[in-house]
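**Q** Okay, handing you the structure first.
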Amino acid sequence: MYALIDCNNFYVSCERAFQPELQNRAGVVLSNNDGCAIARSQEAKDKGIKMGEPYFQMKETHKDVWVRSSNYPLYHDIMLRVTSIIRRYFPDQEIYSIDECFCDLSGYEYMDPEELALQLRAELLQCTGIPVCIGVARTKTLSKIANRIAKKKYKERGVFFLSSLEDEHEALKQTEIGDVWGIGRQHAARLINIGVDNAYKFTQLTVGWVQLYMTIVGVRMWRELNGESCIPMEYIRAKKKGIGTSRSFGKAETDLSVMLEALATYTSIAALKLRNQNSVCAKINVFTHTSMFADPKNRYSVGLDLKLEVPTSSTSELIKAAKYLLRRIFKPGYRYQKVGIFLMDIRPDDQVQQSLFDTKVESRGKLITALKAMDSINRKQGKDSVRMAATGYERKWTMKQENLSRGYTTNIRDVLVVKAK
DNA sequence: TCTGGGGTCCTAGGACCC
DNA sequence: TCTGGGGTCCTAGGACCC
C-alpha cells in the first residue's frame with residue numbers, strides 16, 4: 001500500500017497559517033513578478049479564477065480577492081515541518097514536490113491505514129496549520145487517484161482509501177482520463193478521440209496499443225492503474241542532471257549592462273546549487289527572450305550553448321562564460337522580458353577530466369577553496385552576505401513583489417509575537 | 001504597462017565507429 | 001544486376017510533472 005499526502009492549496013494555506021484574516025475568503029498567491037495566479041483558495045476557485053490567470057486582468061474583475069506575492073522561503077520551511085511530522089508516522093517517505101509526498105505502507109498490514117491517516121491529518125493541521133488530503137491505495141498512481149477523490153468528495157474528512165478491487169474500479173470510472181497522473185493534454189485528446197474518457201476505460205485497452213502510442217511510460221501507468229506497482233519509491237533525492245535559473249525582469253529591459261548583472265546573479269544561484277550537490281558542469285546555455293505577448297515583429301527569442309574546456313562549479317568562471325554568451329546573442333532594440341542560464345552535462349566533482357592545455361589548474365583549486373569559504377559565510381551570515389561584484393549594486397532588474405508576506409518562520413525579525421491578556 | 005520557474009524521461013535520427 | 005551489419009553516443013524535440 002502507498003499513501004499520497006498532498007497539501008490543500010499549499011501556498012494559500014501557508015499564507016493563511018500566519019494571517020488568519022485570510023481564512024474563508026477568496027485569495028490567490030501570485031507567480032514571481034506578481035504575474036499570474038499560481039495558487040488559489042477554494043473560494044477563489046469557486047469564483048472561477050483560473051490557474052495562471054493574469055493578475056492585471058484579475059485586478060479588474062475580482063477586486064475583493066486578497067493577493068500575496070509568492071514567498072518561497074516560507075513555503076519551503078513549512079514543507080520541512082510538514083514532512084518531518086509525516087516521517088514520524090510513515091518513515092519510508094518520498095518527497096515528490098514542495099506540497100506532496102508518497103509513503104510506502106509496507107509493514108503496516110496489521111494496522112488500519114485509514115485510522116493512521118486520519119490521525120496524521122489532524123496532527124498536521126494542529127501543528128502546522130496546513131490542511132492535507134491523503135489517498136491510500138495499492139500503487140502510487142492509484143493513491144494519486146484516491147487522493148484526488150479525497151479532495152473532491154471528502155474534503156472535510158480528507159482521507160480516502162481504496163481498499164478493494166470494487167473500490168478501485170469505481171474510482172477509476174469516476175476519474176476523467178485527463179486527470180490521471182501522467183496523462184497530459186496530448187494523450188487525453190487522443191484517448192478521448194477513441195472513446196476512452198475515463199481511467200477505467202484506459203485500463204481496458206490492450207497493452208500493445210498503449211505501448212505503440214504512449215511508449216513505455218504509458219505502459220507503466222497502465223500497469224499501475226491495473227494494480228501492479230511498477231513506479232518505485234525514490235527515497236534519496238537524486239542529483240540534478242540540469243540546473244536552471246531564470247527570472248522575468250520587473251519591467252521590460254533594454255540595457256545590456258543591466259541584463260549582464262541579472263545574468264551574473266542567476267549564474268551565482270545556479271553555481272551554488274551545483275556546489276551543494278558536489279557537482280561540476282561541462283556545458284552551459286544562456287537564453288533570453290522578449291515577451292511572448294509582444295507584437296510578433298518585436299519578438300526575439302534566442303539561446304546559445306557553450307562547452308567548457310574543463311568542467312567547473314566556479315561561480316566566477318561560469319559568470320565569465322555566461323556573460324560571453326549573452327553578449328553574443330543580445331541584439332539591441334528589443335524589450336527583453338527574461339534572461340536565464342541552464343547548467344548541463346553535470347557530473348560529480350571528483351571525476352573531473354583535466355585538460356592537457358589547462359593553464360589554470362592550480363588557481364582553479366584555490367578558487368574553489370575560496371568559493372566554499374564564501375558559501376560557508378553565506379550559510380552563517382545570511383545569503384548574499386558575500387557575492388560577486390558582477391551581480392551589481394543597484395539591482396534595477398529585480399522582480400515585482402508588491403504583496404510579499406513576512407518570513408514568519410525564517411527571519412527572527414518576522415516571528416509573530418503573541419500577547420496574553 | 002502588466003502573463004512563472006523549475007524539472008524528468010523517452011524516442012528518433014544523425015554522426016561516427018569497426 | 002549488383003554496394004553489410006552491427007554498434008555507441010549525442011542532440012533535438014515532445015510529452016509530462018509540480
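Convention: chains lettered A, B, ... in C-alpha cells order; per-chain residue numbering from 1; ligands numbered from 1 as shown.
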If we count only C-alpha atoms (C1' of nucleotides), which residues of chain A reach to within 12 Å of chain C? Please list them as an MDAnalysis selection string.
**A** chainID A and resid 6 10 38:39 95:101 178 180:188 213:215 217:218 345
**Q** Deliver the residues from the most recent selection as a file, using C-alpha atoms, as a CSV table (one decimal), in the first residue's frame.
**A**
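What ended up in again06.csv:
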chain,number,residue,atom,x,y,z
A,6,ASP,CA,-1.0,16.3,-0.6
A,10,PHE,CA,-0.4,24.7,-0.3
A,38,ILE,CA,-0.4,30.1,-9.2
A,39,ALA,CA,-2.3,29.0,-6.1
A,95,ILE,CA,9.2,13.9,-1.1
A,96,TYR,CA,7.7,14.3,-4.5
A,97,SER,CA,7.2,18.0,-4.7
A,98,ILE,CA,7.0,21.0,-2.4
A,99,ASP,CA,3.5,20.1,-1.4
A,100,GLU,CA,3.2,16.3,-1.6
A,101,CYS,CA,4.8,13.1,-0.6
A,178,GLY,CA,-7.1,13.8,-18.4
A,180,VAL,CA,-4.8,10.7,-14.4
A,181,TRP,CA,-1.2,11.3,-13.2
A,182,GLY,CA,0.9,11.1,-16.4
A,183,ILE,CA,-1.8,11.8,-18.9
A,184,GLY,CA,-1.4,15.3,-20.3
A,185,ARG,CA,-3.3,17.3,-22.9
A,186,GLN,CA,-2.0,15.5,-25.9
A,187,HIS,CA,-2.6,11.9,-24.7
A,188,ALA,CA,-6.0,12.9,-23.2
A,213,TYR,CA,1.0,5.3,-28.9
A,214,MET,CA,2.3,6.2,-25.4
A,215,THR,CA,5.6,4.4,-25.1
A,217,VAL,CA,5.8,5.5,-19.9
A,218,GLY,CA,2.2,4.8,-20.8
A,345,ASP,CA,26.4,17.9,-18.6
**Q** For the strand (DSSP E) assignment from backbone DSSP, which residues of range 27-267 of chain A qualify? Please present them as a ChimeraX atom specification.
**A** /A:27-30,37-40,66-69,93-97,100-104,132-137,159-161,243-253
**Q** Quick one: distance from CA of Phe90 in chain A to CA of Ala17 in chain A in Å, one decimal?
**A**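 Straight-line distance from CA of Phe90 in chain A to CA of Ala17 in chain A works out to 24.1 Å.
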**Q** Please report the interatomic distance between CA of Cys133 in chain A and CA of Asn71 in chain A in Å with one decimal.
**A** 22.7 Å
**Q** Write out as a PyMOL selection string the set of residues from range 136-328 of chain A that DSSP, computed on the backbone, places in alpha helix (DSSP H).
**A** chain A and resi 140-153+165-174+185-193+199-203+207-225+256-276+315-328
**Q** Can those selected residues be exported to a file as a PDB file, in the first residue's frame so that it contains C-alpha atoms?
**A**
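Heads up, here's the output in again32.pdb:
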ATOM      1  CA  LYS A 140       1.410   5.176  -6.401  1.00  0.00           C
ATOM      2  CA  THR A 141      -0.766   6.038  -9.390  1.00  0.00           C
ATOM      3  CA  LEU A 142      -3.873   4.647  -7.658  1.00  0.00           C
ATOM      4  CA  SER A 143      -3.001   6.586  -4.496  1.00  0.00           C
ATOM      5  CA  LYS A 144      -2.960   9.728  -6.641  1.00  0.00           C
ATOM      6  CA  ILE A 145      -6.473   8.869  -7.761  1.00  0.00           C
ATOM      7  CA  ALA A 146      -7.569   8.180  -4.202  1.00  0.00           C
ATOM      8  CA  ASN A 147      -6.117  11.496  -3.122  1.00  0.00           C
ATOM      9  CA  ARG A 148      -7.989  13.309  -5.840  1.00  0.00           C
ATOM     10  CA  ILE A 149     -11.248  11.782  -4.712  1.00  0.00           C
ATOM     11  CA  ALA A 150     -10.489  12.726  -1.100  1.00  0.00           C
ATOM     12  CA  LYS A 151     -10.007  16.322  -2.248  1.00  0.00           C
ATOM     13  CA  LYS A 152     -13.157  16.407  -4.331  1.00  0.00           C
ATOM     14  CA  LYS A 153     -15.650  14.367  -2.374  1.00  0.00           C
ATOM     15  CA  LEU A 165     -10.956  -4.077  -6.290  1.00  0.00           C
ATOM     16  CA  GLU A 166     -14.527  -2.833  -6.486  1.00  0.00           C
ATOM     17  CA  ASP A 167     -13.467   0.463  -4.865  1.00  0.00           C
ATOM     18  CA  GLU A 168     -10.663   0.766  -7.393  1.00  0.00           C
ATOM     19  CA  HIS A 169     -12.921   0.191 -10.377  1.00  0.00           C
ATOM     20  CA  GLU A 170     -15.469   2.648  -9.082  1.00  0.00           C
ATOM     21  CA  ALA A 171     -12.751   5.258  -8.507  1.00  0.00           C
ATOM     22  CA  LEU A 172     -11.292   4.699 -11.979  1.00  0.00           C
ATOM     23  CA  LYS A 173     -14.721   5.159 -13.551  1.00  0.00           C
ATOM     24  CA  GLN A 174     -15.126   8.458 -11.705  1.00  0.00           C
ATOM     25  CA  ARG A 185      -3.343  17.265 -22.862  1.00  0.00           C
ATOM     26  CA  GLN A 186      -1.989  15.453 -25.909  1.00  0.00           C
ATOM     27  CA  HIS A 187      -2.628  11.945 -24.678  1.00  0.00           C
ATOM     28  CA  ALA A 188      -6.009  12.906 -23.248  1.00  0.00           C
ATOM     29  CA  ALA A 189      -7.139  14.274 -26.603  1.00  0.00           C
ATOM     30  CA  ARG A 190      -6.041  11.128 -28.457  1.00  0.00           C
ATOM     31  CA  LEU A 191      -7.711   8.852 -25.898  1.00  0.00           C
ATOM     32  CA  ILE A 192     -10.972  10.765 -25.859  1.00  0.00           C
ATOM     33  CA  ASN A 193     -10.932  10.534 -29.628  1.00  0.00           C
ATOM     34  CA  ALA A 199      -9.380   5.902 -16.271  1.00  0.00           C
ATOM     35  CA  TYR A 200     -11.301   2.642 -16.153  1.00  0.00           C
ATOM     36  CA  LYS A 201     -11.664   2.503 -19.934  1.00  0.00           C
ATOM     37  CA  PHE A 202      -7.941   3.156 -20.206  1.00  0.00           C
ATOM     38  CA  THR A 203      -7.183   0.060 -18.123  1.00  0.00           C
ATOM     39  CA  VAL A 207      -1.065  -3.152 -23.620  1.00  0.00           C
ATOM     40  CA  GLY A 208       0.078  -3.208 -27.259  1.00  0.00           C
ATOM     41  CA  TRP A 209      -1.975  -0.135 -28.106  1.00  0.00           C
ATOM     42  CA  VAL A 210      -0.661   1.704 -25.089  1.00  0.00           C
ATOM     43  CA  GLN A 211       2.960   0.822 -25.903  1.00  0.00           C
ATOM     44  CA  LEU A 212       2.537   1.913 -29.521  1.00  0.00           C
ATOM     45  CA  TYR A 213       1.047   5.331 -28.851  1.00  0.00           C
ATOM     46  CA  MET A 214       2.275   6.188 -25.361  1.00  0.00           C
ATOM     47  CA  THR A 215       5.648   4.435 -25.124  1.00  0.00           C
ATOM     48  CA  ILE A 216       6.924   2.594 -22.110  1.00  0.00           C
ATOM     49  CA  VAL A 217       5.810   5.491 -19.920  1.00  0.00           C
ATOM     50  CA  GLY A 218       2.187   4.839 -20.811  1.00  0.00           C
ATOM     51  CA  VAL A 219       2.596   1.108 -20.210  1.00  0.00           C
ATOM     52  CA  ARG A 220       3.853   1.784 -16.676  1.00  0.00           C
ATOM     53  CA  MET A 221       0.803   3.914 -15.962  1.00  0.00           C
ATOM     54  CA  TRP A 222      -1.483   1.282 -17.419  1.00  0.00           C
ATOM     55  CA  ARG A 223       0.026  -1.413 -15.222  1.00  0.00           C
ATOM     56  CA  GLU A 224      -0.123   0.783 -12.115  1.00  0.00           C
ATOM     57  CA  LEU A 225      -3.796   1.541 -12.713  1.00  0.00           C
ATOM     58  CA  LEU A 256      22.678  45.029 -21.904  1.00  0.00           C
ATOM     59  CA  SER A 257      24.674  46.033 -18.818  1.00  0.00           C
ATOM     60  CA  VAL A 258      21.635  45.568 -16.578  1.00  0.00           C
ATOM     61  CA  MET A 259      20.933  42.193 -18.170  1.00  0.00           C
ATOM     62  CA  LEU A 260      24.531  41.109 -17.597  1.00  0.00           C
ATOM     63  CA  GLU A 261      24.174  41.864 -13.884  1.00  0.00           C
ATOM     64  CA  ALA A 262      20.935  39.917 -13.656  1.00  0.00           C
ATOM     65  CA  LEU A 263      22.518  37.008 -15.503  1.00  0.00           C
ATOM     66  CA  ALA A 264      25.542  37.062 -13.165  1.00  0.00           C
ATOM     67  CA  THR A 265      23.115  36.885 -10.229  1.00  0.00           C
ATOM     68  CA  TYR A 266      21.241  33.886 -11.655  1.00  0.00           C
ATOM     69  CA  THR A 267      24.531  32.210 -12.531  1.00  0.00           C
ATOM     70  CA  SER A 268      25.642  32.611  -8.895  1.00  0.00           C
ATOM     71  CA  ILE A 269      22.451  30.895  -7.719  1.00  0.00           C
ATOM     72  CA  ALA A 270      22.845  28.029 -10.182  1.00  0.00           C
ATOM     73  CA  ALA A 271      26.544  27.568  -9.340  1.00  0.00           C
ATOM     74  CA  LEU A 272      25.717  27.389  -5.624  1.00  0.00           C
ATOM     75  CA  LYS A 273      23.150  24.663  -6.302  1.00  0.00           C
ATOM     76  CA  LEU A 274      25.815  22.856  -8.301  1.00  0.00           C
ATOM     77  CA  ARG A 275      28.363  23.019  -5.461  1.00  0.00           C
ATOM     78  CA  ASN A 276      25.757  21.997  -2.907  1.00  0.00           C
ATOM     79  CA  THR A 315      30.887  30.986  -9.936  1.00  0.00           C
ATOM     80  CA  SER A 316      33.434  33.311 -11.470  1.00  0.00           C
ATOM     81  CA  GLU A 317      34.292  31.012 -14.360  1.00  0.00           C
ATOM     82  CA  LEU A 318      30.630  30.367 -15.039  1.00  0.00           C
ATOM     83  CA  ILE A 319      29.786  34.075 -14.899  1.00  0.00           C
ATOM     84  CA  LYS A 320      32.556  34.813 -17.361  1.00  0.00           C
ATOM     85  CA  ALA A 321      31.239  32.180 -19.783  1.00  0.00           C
ATOM     86  CA  ALA A 322      27.632  33.286 -19.303  1.00  0.00           C
ATOM     87  CA  LYS A 323      28.423  36.936 -19.971  1.00  0.00           C
ATOM     88  CA  TYR A 324      30.301  35.963 -23.111  1.00  0.00           C
ATOM     89  CA  LEU A 325      27.228  34.097 -24.358  1.00  0.00           C
ATOM     90  CA  LEU A 326      24.794  36.894 -23.568  1.00  0.00           C
ATOM     91  CA  ARG A 327      26.987  39.423 -25.400  1.00  0.00           C
ATOM     92  CA  ARG A 328      26.902  37.108 -28.420  1.00  0.00           C
TER      93      ARG A 328
END
**Q** Excluding range 72-78 of chain A and its own-chain neighbours fewer than 2 positions away, which residues fall within 9 Å of it when counting only C-alpha atoms (C1' of nucleotides)? Please give them as a list in words.
**A**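 Using only C-alpha atoms (C1' of nucleotides), the neighbours found are Phe10, Tyr11, Cys14, Glu15, Ser70, Leu80, Arg81, Val82, Thr83, Ile98, Asp99, Thr128, Ile130, Ser405, Arg406, Gly407, Tyr408, Thr409 and Thr410 of chain A.
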**Q** Give me, please, the distance in Å between CA of Asp179 in chain A and CA of Asn198 in chain A, quoted to one decimal.
**A**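 Pair CA of Asp179 in chain A / CA of Asn198 in chain A returns 8.7 Å.
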**Q** Do a neighbour search on Val28 in chain A at 10 Å with only C-alpha atoms (C1' of nucleotides), toss out local chain neighbours closer than 4 positions, and write the hits as JSON, numbers by chain.
**A** {"A": [9, 11, 12, 15, 36, 37, 38, 39, 40, 41, 42, 43, 44, 45, 49, 51, 55, 65, 66, 67, 68, 69, 70]}
**Q** Between A:Ser279, A:Thr254, A:Ser385, A:Asn33, single out the one closest to Tyr334 in chain A, counting only C-alpha atoms.
**A**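 The answer is A:Thr254, which sits nearest to Tyr334 in chain A.
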